[in-house]
$ cat run-v6.cif   # mmCIF, C-alpha atoms
data_entry
loop_
_atom_site.group_PDB
_atom_site.id
_atom_site.type_symbol
_atom_site.label_atom_id
_atom_site.label_comp_id
_atom_site.auth_asym_id
_atom_site.auth_seq_id
_atom_site.Cartn_x
_atom_site.Cartn_y
_atom_site.Cartn_z
ATOM 1 C CA MET A 1 0.000 0.000 0.000
ATOM 2 C CA ALA A 2 1.393 3.409 -0.899
ATOM 3 C CA PHE A 3 0.426 7.023 -0.665
ATOM 4 C CA ARG A 4 0.450 9.034 -3.829
ATOM 5 C CA VAL A 5 0.133 12.789 -4.073
ATOM 6 C CA ARG A 6 -1.206 14.395 -7.196
ATOM 7 C CA GLY A 7 -1.456 18.091 -7.888
ATOM 8 C CA CYS A 8 -3.180 19.764 -10.815
ATOM 9 C CA ALA A 9 -2.410 23.319 -11.805
ATOM 10 C CA ALA A 10 -4.517 22.864 -14.930
ATOM 11 C CA THR A 11 -8.303 22.696 -14.861
ATOM 12 C CA ALA A 12 -10.078 21.114 -11.940
ATOM 13 C CA ALA A 13 -12.073 19.026 -14.400
ATOM 14 C CA ALA A 14 -8.911 17.443 -15.765
ATOM 15 C CA CYS A 15 -7.619 16.588 -12.308
ATOM 16 C CA ALA A 16 -10.953 15.167 -11.170
ATOM 17 C CA ALA A 17 -11.244 13.082 -14.311
ATOM 18 C CA ALA A 18 -7.723 11.766 -13.805
ATOM 19 C CA ALA A 19 -8.605 10.791 -10.255
ATOM 20 C CA VAL A 20 -11.586 8.783 -11.433
ATOM 21 C CA GLY A 21 -9.402 7.068 -14.004
ATOM 22 C CA LEU A 22 -6.924 6.101 -11.296
ATOM 23 C CA TYR A 23 -9.385 4.730 -8.778
ATOM 24 C CA SER A 24 -12.276 3.343 -10.803
ATOM 25 C CA HIS A 25 -12.509 -0.360 -11.525
ATOM 26 C CA ALA A 26 -15.174 -2.700 -12.817
ATOM 27 C CA HIS A 27 -18.018 -1.839 -10.458
ATOM 28 C CA SER A 28 -21.734 -1.263 -10.869
ATOM 29 C CA SER A 29 -22.638 2.173 -12.219
ATOM 30 C CA THR A 30 -25.734 2.414 -10.031
ATOM 31 C CA ASN A 31 -25.366 5.389 -7.696
ATOM 32 C CA SER A 32 -26.177 5.022 -4.025
ATOM 33 C CA THR A 33 -28.712 7.161 -2.200
ATOM 34 C CA PRO A 34 -27.706 9.898 0.274
ATOM 35 C CA THR A 35 -28.977 7.737 3.132
ATOM 36 C CA ASP A 36 -26.831 4.817 1.995
ATOM 37 C CA ARG A 37 -23.766 7.013 1.509
ATOM 38 C CA LEU A 38 -23.925 8.717 4.891
ATOM 39 C CA ALA A 39 -25.230 5.959 7.168
ATOM 40 C CA ARG A 40 -21.940 4.066 7.445
ATOM 41 C CA TRP A 41 -20.024 7.244 8.234
ATOM 42 C CA GLU A 42 -22.594 8.381 10.788
ATOM 43 C CA SER A 43 -22.193 5.058 12.577
ATOM 44 C CA LYS A 44 -18.406 5.454 12.608
ATOM 45 C CA TRP A 45 -18.603 8.932 14.098
ATOM 46 C CA ALA A 46 -21.148 7.754 16.679
ATOM 47 C CA ALA A 47 -18.792 4.913 17.658
ATOM 48 C CA LYS A 48 -15.790 7.313 17.700
ATOM 49 C CA ASP A 49 -14.156 5.163 15.030
ATOM 50 C CA THR A 50 -12.309 8.007 13.304
ATOM 51 C CA ARG A 51 -8.818 6.612 13.027
ATOM 52 C CA TRP A 52 -8.224 8.405 9.740
ATOM 53 C CA HIS A 53 -8.133 11.792 11.498
ATOM 54 C CA LEU A 54 -4.804 13.324 12.480
ATOM 55 C CA PRO A 55 -4.364 15.447 15.630
ATOM 56 C CA ARG A 56 -2.434 18.027 13.597
ATOM 57 C CA ALA A 57 -2.195 19.471 10.088
ATOM 58 C CA HIS A 58 -1.690 16.845 7.404
ATOM 59 C CA PRO A 59 2.032 16.536 6.513
ATOM 60 C CA VAL A 60 1.270 16.419 2.784
ATOM 61 C CA LEU A 61 -0.614 19.716 2.989
ATOM 62 C CA SER A 62 2.242 21.277 4.950
ATOM 63 C CA LYS A 63 4.790 20.056 2.404
ATOM 64 C CA TYR A 64 2.955 21.249 -0.702
ATOM 65 C CA LEU A 65 1.293 24.350 0.720
ATOM 66 C CA PRO A 66 3.673 26.791 -1.032
ATOM 67 C CA LEU A 67 2.691 25.264 -4.397
ATOM 68 C CA LEU A 68 -0.998 24.970 -3.607
ATOM 69 C CA LEU A 69 -1.325 28.417 -2.036
ATOM 70 C CA PRO A 70 1.495 30.837 -2.881
ATOM 71 C CA ALA A 71 2.221 33.157 0.044
ATOM 72 C CA GLU A 72 0.989 36.286 -1.725
ATOM 73 C CA GLU A 73 -2.427 34.800 -2.531
ATOM 74 C CA LYS A 74 -5.511 34.690 -0.337
ATOM 75 C CA ALA A 75 -7.731 32.006 -1.805
ATOM 76 C CA THR A 76 -11.037 30.234 -1.325
ATOM 77 C CA VAL A 77 -10.148 26.680 -0.332
ATOM 78 C CA LEU A 78 -12.606 23.792 -0.566
ATOM 79 C CA PHE A 79 -12.334 20.675 1.615
ATOM 80 C CA PRO A 80 -14.727 17.982 0.312
ATOM 81 C CA LEU A 81 -15.830 15.359 2.863
ATOM 82 C CA CYS A 82 -13.849 17.306 5.430
ATOM 83 C CA GLY A 83 -14.833 15.531 8.637
ATOM 84 C CA ALA A 84 -13.284 17.397 11.571
ATOM 85 C CA SER A 85 -9.867 17.865 9.990
ATOM 86 C CA HIS A 86 -7.435 20.293 11.626
ATOM 87 C CA ASP A 87 -6.401 21.416 8.135
ATOM 88 C CA LEU A 88 -9.431 23.668 7.728
ATOM 89 C CA GLY A 89 -8.634 25.727 10.810
ATOM 90 C CA THR A 90 -4.959 25.885 9.886
ATOM 91 C CA LEU A 91 -5.699 27.521 6.522
ATOM 92 C CA ALA A 92 -8.466 29.749 7.884
ATOM 93 C CA LEU A 93 -6.035 31.216 10.416
ATOM 94 C CA LEU A 94 -3.619 31.932 7.562
ATOM 95 C CA GLY A 95 -6.237 34.254 6.079
ATOM 96 C CA HIS A 96 -7.820 32.031 3.447
ATOM 97 C CA ARG A 97 -11.562 31.595 3.048
ATOM 98 C CA VAL A 98 -12.124 27.969 3.974
ATOM 99 C CA ILE A 99 -15.234 26.008 2.996
ATOM 100 C CA GLY A 100 -15.740 22.445 4.146
ATOM 101 C CA VAL A 101 -18.437 20.034 3.013
ATOM 102 C CA GLU A 102 -19.493 17.251 5.360
ATOM 103 C CA GLY A 103 -22.603 15.080 5.576
ATOM 104 C CA VAL A 104 -22.295 13.892 9.177
ATOM 105 C CA PRO A 105 -23.650 16.497 11.660
ATOM 106 C CA LEU A 106 -21.573 15.093 14.521
ATOM 107 C CA ALA A 107 -18.382 15.655 12.517
ATOM 108 C CA VAL A 108 -19.403 19.238 11.747
ATOM 109 C CA ASP A 109 -20.161 19.834 15.437
ATOM 110 C CA ARG A 110 -16.707 18.595 16.381
ATOM 111 C CA LEU A 111 -14.977 20.657 13.683
ATOM 112 C CA LEU A 112 -16.681 23.925 14.584
ATOM 113 C CA HIS A 113 -16.311 23.402 18.331
ATOM 114 C CA ALA A 114 -12.578 22.784 17.950
ATOM 115 C CA PHE A 115 -12.140 25.912 15.825
ATOM 116 C CA GLY A 116 -13.984 28.487 17.880
ATOM 117 C CA ASP A 117 -17.420 29.900 18.608
ATOM 118 C CA ALA A 118 -20.241 28.346 16.600
ATOM 119 C CA GLU A 119 -22.511 30.848 14.868
ATOM 120 C CA PRO A 120 -26.256 30.441 14.186
ATOM 121 C CA VAL A 121 -27.136 28.644 10.936
ATOM 122 C CA SER A 122 -27.252 31.399 8.332
ATOM 123 C CA LEU A 123 -28.768 29.734 5.271
ATOM 124 C CA ARG A 124 -30.640 26.528 4.553
ATOM 125 C CA LEU A 125 -31.500 24.588 1.427
ATOM 126 C CA PRO A 126 -33.335 21.259 1.215
ATOM 127 C CA GLY A 127 -30.832 18.737 2.582
ATOM 128 C CA GLN A 128 -28.069 21.286 3.131
ATOM 129 C CA MET A 129 -27.270 24.153 5.460
ATOM 130 C CA LEU A 130 -24.432 26.608 5.925
ATOM 131 C CA ARG A 131 -22.811 26.436 9.357
ATOM 132 C CA SER A 132 -19.841 28.386 10.633
ATOM 133 C CA ALA A 133 -17.634 29.226 13.578
ATOM 134 C CA THR A 134 -15.381 32.179 14.313
ATOM 135 C CA ALA A 135 -12.128 32.467 16.214
ATOM 136 C CA ASP A 136 -9.581 35.149 17.053
ATOM 137 C CA GLY A 137 -7.186 35.567 14.161
ATOM 138 C CA PRO A 138 -3.456 36.286 14.396
ATOM 139 C CA GLY A 139 -4.059 39.927 13.426
ATOM 140 C CA GLY A 140 -6.575 40.524 16.188
ATOM 141 C CA GLY A 141 -9.745 40.262 14.080
ATOM 142 C CA ARG A 142 -12.236 37.414 13.908
ATOM 143 C CA VAL A 143 -11.671 34.618 11.404
ATOM 144 C CA ALA A 144 -14.485 32.447 10.053
ATOM 145 C CA LEU A 145 -14.614 28.800 9.056
ATOM 146 C CA GLU A 146 -17.626 27.777 6.937
ATOM 147 C CA VAL A 147 -19.059 24.295 6.433
ATOM 148 C CA VAL A 148 -21.838 23.088 4.173
ATOM 149 C CA GLU A 149 -23.567 20.340 6.141
ATOM 150 C CA GLY A 150 -25.090 17.897 3.683
ATOM 151 C CA ASP A 151 -24.404 15.313 1.013
ATOM 152 C CA PHE A 152 -21.488 16.395 -1.182
ATOM 153 C CA LEU A 153 -22.895 14.594 -4.219
ATOM 154 C CA ALA A 154 -26.084 16.667 -3.986
ATOM 155 C CA LEU A 155 -24.146 19.937 -4.128
ATOM 156 C CA SER A 156 -23.838 22.065 -7.277
ATOM 157 C CA ALA A 157 -22.495 25.431 -8.350
ATOM 158 C CA SER A 158 -25.979 26.963 -8.163
ATOM 159 C CA LYS A 159 -26.541 25.618 -4.644
ATOM 160 C CA LEU A 160 -23.137 26.923 -3.592
ATOM 161 C CA ARG A 161 -24.151 30.386 -4.808
ATOM 162 C CA ALA A 162 -27.535 30.079 -3.082
ATOM 163 C CA LEU A 163 -25.652 29.502 0.174
ATOM 164 C CA GLY A 164 -23.694 32.690 -0.454
ATOM 165 C CA LEU A 165 -20.446 30.890 -1.235
ATOM 166 C CA PRO A 166 -18.037 31.405 -4.146
ATOM 167 C CA ALA A 167 -16.445 28.769 -6.339
ATOM 168 C CA ALA A 168 -13.168 27.476 -4.934
ATOM 169 C CA ASP A 169 -9.747 28.499 -6.156
ATOM 170 C CA THR A 170 -8.095 25.505 -4.528
ATOM 171 C CA VAL A 171 -9.124 22.056 -3.271
ATOM 172 C CA PHE A 172 -7.452 19.785 -0.748
ATOM 173 C CA ASP A 173 -8.793 16.269 -1.229
ATOM 174 C CA ARG A 174 -7.332 14.233 1.580
ATOM 175 C CA GLY A 175 -8.642 10.769 0.738
ATOM 176 C CA SER A 176 -12.153 11.819 -0.277
ATOM 177 C CA ILE A 177 -11.959 10.077 -3.647
ATOM 178 C CA VAL A 178 -10.996 6.919 -1.747
ATOM 179 C CA ALA A 179 -13.785 7.267 0.803
ATOM 180 C CA VAL A 180 -16.425 7.561 -1.917
ATOM 181 C CA ALA A 181 -17.759 4.187 -3.044
ATOM 182 C CA PRO A 182 -16.378 3.234 -6.490
ATOM 183 C CA HIS A 183 -19.760 3.506 -8.214
ATOM 184 C CA ASP A 184 -20.114 7.113 -6.948
ATOM 185 C CA ARG A 185 -16.688 8.360 -8.000
ATOM 186 C CA GLN A 186 -17.733 9.642 -11.404
ATOM 187 C CA ALA A 187 -20.459 11.717 -9.759
ATOM 188 C CA TYR A 188 -17.948 12.913 -7.168
ATOM 189 C CA ALA A 189 -15.575 14.105 -9.901
ATOM 190 C CA GLU A 190 -18.379 15.896 -11.746
ATOM 191 C CA VAL A 191 -19.522 17.734 -8.619
ATOM 192 C CA LEU A 192 -15.967 18.658 -7.663
ATOM 193 C CA SER A 193 -15.295 20.032 -11.143
ATOM 194 C CA GLU A 194 -18.417 22.173 -10.935
ATOM 195 C CA LEU A 195 -17.441 23.724 -7.598
ATOM 196 C CA VAL A 196 -13.962 24.870 -8.637
ATOM 197 C CA SER A 197 -13.120 27.961 -10.670
ATOM 198 C CA PRO A 198 -11.503 27.449 -14.101
ATOM 199 C CA GLY A 199 -7.793 26.906 -13.617
ATOM 200 C CA GLY A 200 -8.281 25.972 -9.981
ATOM 201 C CA ARG A 201 -5.701 23.808 -8.231
ATOM 202 C CA ILE A 202 -6.328 20.447 -6.581
ATOM 203 C CA LEU A 203 -4.039 18.591 -4.180
ATOM 204 C CA LEU A 204 -5.173 14.967 -4.158
ATOM 205 C CA VAL A 205 -3.971 12.499 -1.520
ATOM 206 C CA ALA A 206 -5.057 8.903 -2.000
ATOM 207 C CA VAL A 207 -4.096 5.332 -1.240
ATOM 208 C CA GLU A 208 -3.187 2.871 -3.963
ATOM 209 C CA HIS A 209 -2.923 -0.877 -3.470
ATOM 210 C CA GLY A 210 -2.869 -4.071 -5.438
ATOM 211 C CA PRO A 211 -5.866 -5.915 -6.873
ATOM 212 C CA PHE A 212 -8.696 -6.792 -4.529
ATOM 213 C CA SER A 213 -8.930 -10.358 -3.324
ATOM 214 C CA PRO A 214 -11.001 -12.124 -0.664
ATOM 215 C CA THR A 215 -7.907 -12.646 1.522
ATOM 216 C CA ALA A 216 -6.074 -9.369 0.966
ATOM 217 C CA GLY A 217 -7.844 -7.477 3.720
ATOM 218 C CA LEU A 218 -8.069 -4.426 1.479
ATOM 219 C CA GLY A 219 -11.137 -2.600 0.388
ATOM 220 C CA HIS A 220 -13.302 0.440 0.681
ATOM 221 C CA PRO A 221 -12.346 2.257 3.929
ATOM 222 C CA SER A 222 -15.970 2.499 5.031
ATOM 223 C CA LYS A 223 -16.061 -1.284 5.532
#

$ encode --input "run-v6.cif" --output "structure tokens"
Amino acid sequence: MAFRVRGCAATAAACAAAAVGLYSHAHSSTNSTPTDRLARWESKWAAKDTRWHLPRAHPVLSKYLPLLLPAEEKATVLFPLCGASHDLGTLALLGHRVIGVEGVPLAVDRLLHAFGDAEPVSLRLPGQMLRSATADGPGGGRVALEVVEGDFLALSASKLRALGLPAADTVFDRGSIVAVAPHDRQAYAEVLSELVSPGGRILLVAVEHGPFSPTAGLGHPSK
């Protein structure tokens, strides 16, 4: 098993399509329902089975941050399937506008509580709502962290705008393409492409391993 890092400075669509090509195999093309997609993750959060989370910023993000976000730029950064990752708060405190997307309310609660003071829900759409928290920034002002609570695959550019959010300049995908079931990965790539500005950058971190077998002990991380 090996980690591979992929960055795209070209279009987000090209990077997302490449990701699907890397991690798609011969699986059914029938998409799952939002309830199916989120239920297994809700049970993991309820059982505190969140071993994939790190207690600090991800080392890959730290290593490639100068390429992903040049020092002179303040960008809108999207974290799909963000969970309660420390990476969101790290970039928000650097002055970037950070937008997470997460379908498990318990994970969003944990993320916002760890960052600062939770704010009232500002906007709602069917199946999705915009939540946020604020914290003291390094310059003395208040810094916000925003999270769309809802199913990522149900999101679109128009819904993002309806929630008062801009398209992303940059994406950090820390294993999201792996966490999505294989038959949903094409939809994931299409949604991701729609939420990123033309020419946006994506840093993709994923796990590659050999062919599946009944005795290999490898498989979809939700199992």

$ resolve_selection --input "run-v6.cif" --expression "the PyMOL selection byres ((chain A and resi 155) around 12)" --output "ChimeraX atom specification"
/A:34,80-81,101-103,125-129,148-154,156-163,165,167,187-195

$ write_last_selection --input "run-v6.cif" --atoms "C-alpha atoms" --output "PDB file, in the frame of the given file"
ATOM      1  CA  PRO A  34     -27.706   9.898   0.274  1.00  0.00           C
ATOM      2  CA  PRO A  80     -14.727  17.982   0.312  1.00  0.00           C
ATOM      3  CA  LEU A  81     -15.830  15.359   2.863  1.00  0.00           C
ATOM      4  CA  VAL A 101     -18.437  20.034   3.013  1.00  0.00           C
ATOM      5  CA  GLU A 102     -19.493  17.251   5.360  1.00  0.00           C
ATOM      6  CA  GLY A 103     -22.603  15.080   5.576  1.00  0.00           C
ATOM      7  CA  LEU A 125     -31.500  24.588   1.427  1.00  0.00           C
ATOM      8  CA  PRO A 126     -33.335  21.259   1.215  1.00  0.00           C
ATOM      9  CA  GLY A 127     -30.832  18.737   2.582  1.00  0.00           C
ATOM     10  CA  GLN A 128     -28.069  21.286   3.131  1.00  0.00           C
ATOM     11  CA  MET A 129     -27.270  24.153   5.460  1.00  0.00           C
ATOM     12  CA  VAL A 148     -21.838  23.088   4.173  1.00  0.00           C
ATOM     13  CA  GLU A 149     -23.567  20.340   6.141  1.00  0.00           C
ATOM     14  CA  GLY A 150     -25.090  17.897   3.683  1.00  0.00           C
ATOM     15  CA  ASP A 151     -24.404  15.313   1.013  1.00  0.00           C
ATOM     16  CA  PHE A 152     -21.488  16.395  -1.182  1.00  0.00           C
ATOM     17  CA  LEU A 153     -22.895  14.594  -4.219  1.00  0.00           C
ATOM     18  CA  ALA A 154     -26.084  16.667  -3.986  1.00  0.00           C
ATOM     19  CA  SER A 156     -23.838  22.065  -7.277  1.00  0.00           C
ATOM     20  CA  ALA A 157     -22.495  25.431  -8.350  1.00  0.00           C
ATOM     21  CA  SER A 158     -25.979  26.963  -8.163  1.00  0.00           C
ATOM     22  CA  LYS A 159     -26.541  25.618  -4.644  1.00  0.00           C
ATOM     23  CA  LEU A 160     -23.137  26.923  -3.592  1.00  0.00           C
ATOM     24  CA  ARG A 161     -24.151  30.386  -4.808  1.00  0.00           C
ATOM     25  CA  ALA A 162     -27.535  30.079  -3.082  1.00  0.00           C
ATOM     26  CA  LEU A 163     -25.652  29.502   0.174  1.00  0.00           C
ATOM     27  CA  LEU A 165     -20.446  30.890  -1.235  1.00  0.00           C
ATOM     28  CA  ALA A 167     -16.445  28.769  -6.339  1.00  0.00           C
ATOM     29  CA  ALA A 187     -20.459  11.717  -9.759  1.00  0.00           C
ATOM     30  CA  TYR A 188     -17.948  12.913  -7.168  1.00  0.00           C
ATOM     31  CA  ALA A 189     -15.575  14.105  -9.901  1.00  0.00           C
ATOM     32  CA  GLU A 190     -18.379  15.896 -11.746  1.00  0.00           C
ATOM     33  CA  VAL A 191     -19.522  17.734  -8.619  1.00  0.00           C
ATOM     34  CA  LEU A 192     -15.967  18.658  -7.663  1.00  0.00           C
ATOM     35  CA  SER A 193     -15.295  20.032 -11.143  1.00  0.00           C
ATOM     36  CA  GLU A 194     -18.417  22.173 -10.935  1.00  0.00           C
ATOM     37  CA  LEU A 195     -17.441  23.724  -7.598  1.00  0.00           C
TER      38      LEU A 195
END

$ atom_distance --input "run-v6.cif" --atom1 "atom CA of Gly175 of chain A" --atom2 "atom CA of Ala206 of chain A"
4.9 Å

$ atom_distance --input "run-v6.cif" --atom1 "atom CA of Ala181 of chain A" --atom2 "atom CA of Gly199 of chain A"
27.0 Å

$ resolve_selection --input "run-v6.cif" --expression "the PyMOL selection byres ((chain A and resi 122) around 10)" --output "PyMOL selection string"
chain A and resi 119-121+123-124+129-132+163-164

$ write_last_selection --input "run-v6.cif" --atoms "C-alpha atoms" --output "short mmCIF file (atom, residue, chain, number, x, y, z; two decimals), keeping the file's coordinate frame"
data_model
loop_
_atom_site.label_atom_id
_atom_site.label_comp_id
_atom_site.auth_asym_id
_atom_site.auth_seq_id
_atom_site.Cartn_x
_atom_site.Cartn_y
_atom_site.Cartn_z
CA GLU A 119 -22.51 30.85 14.87
CA PRO A 120 -26.26 30.44 14.19
CA VAL A 121 -27.14 28.64 10.94
CA LEU A 123 -28.77 29.73 5.27
CA ARG A 124 -30.64 26.53 4.55
CA MET A 129 -27.27 24.15 5.46
CA LEU A 130 -24.43 26.61 5.92
CA ARG A 131 -22.81 26.44 9.36
CA SER A 132 -19.84 28.39 10.63
CA LEU A 163 -25.65 29.50 0.17
CA GLY A 164 -23.69 32.69 -0.45
#

$ atom_distance --input "run-v6.cif" --atom1 "atom CA of Lys63 of chain A" --atom2 "atom CA of Leu93 of chain A"
17.5 Å

$ closest_residue --input "run-v6.cif" --among "A:Val77, A:Ala39, A:Ala57, A:Leu203" --to "Leu145 of chain A" --atoms "only C-alpha atoms"
A:Val77

$ closest_residue --input "run-v6.cif" --among "A:Ala75, A:Leu88, A:Leu68, A:Val104" --to "Asp169 of chain A" --atoms "only C-alpha atoms"
A:Ala75

$ closest_residue --input "run-v6.cif" --among "A:Ala118, A:Gly95, A:Leu38, A:Thr170" --to "Gly141 of chain A" --atoms "only C-alpha atoms"
A:Gly95

$ resolve_selection --input "run-v6.cif" --expression "the PyMOL selection byres ((chain A and resi 109) around 10)" --output "number ranges by chain"
A: 83-84, 104-108, 110-114, 118, 131-133, 149

$ closest_residue --input "run-v6.cif" --among "A:His96, A:Pro55, A:Ala168, A:Asp36" --to "Glu72 of chain A" --atoms "only C-alpha atoms"
A:His96

$ closest_residue --input "run-v6.cif" --among "A:Ala92, A:Ala144, A:Val171, A:Val180" --to "Ile202 of chain A" --atoms "only C-alpha atoms"
A:Val171
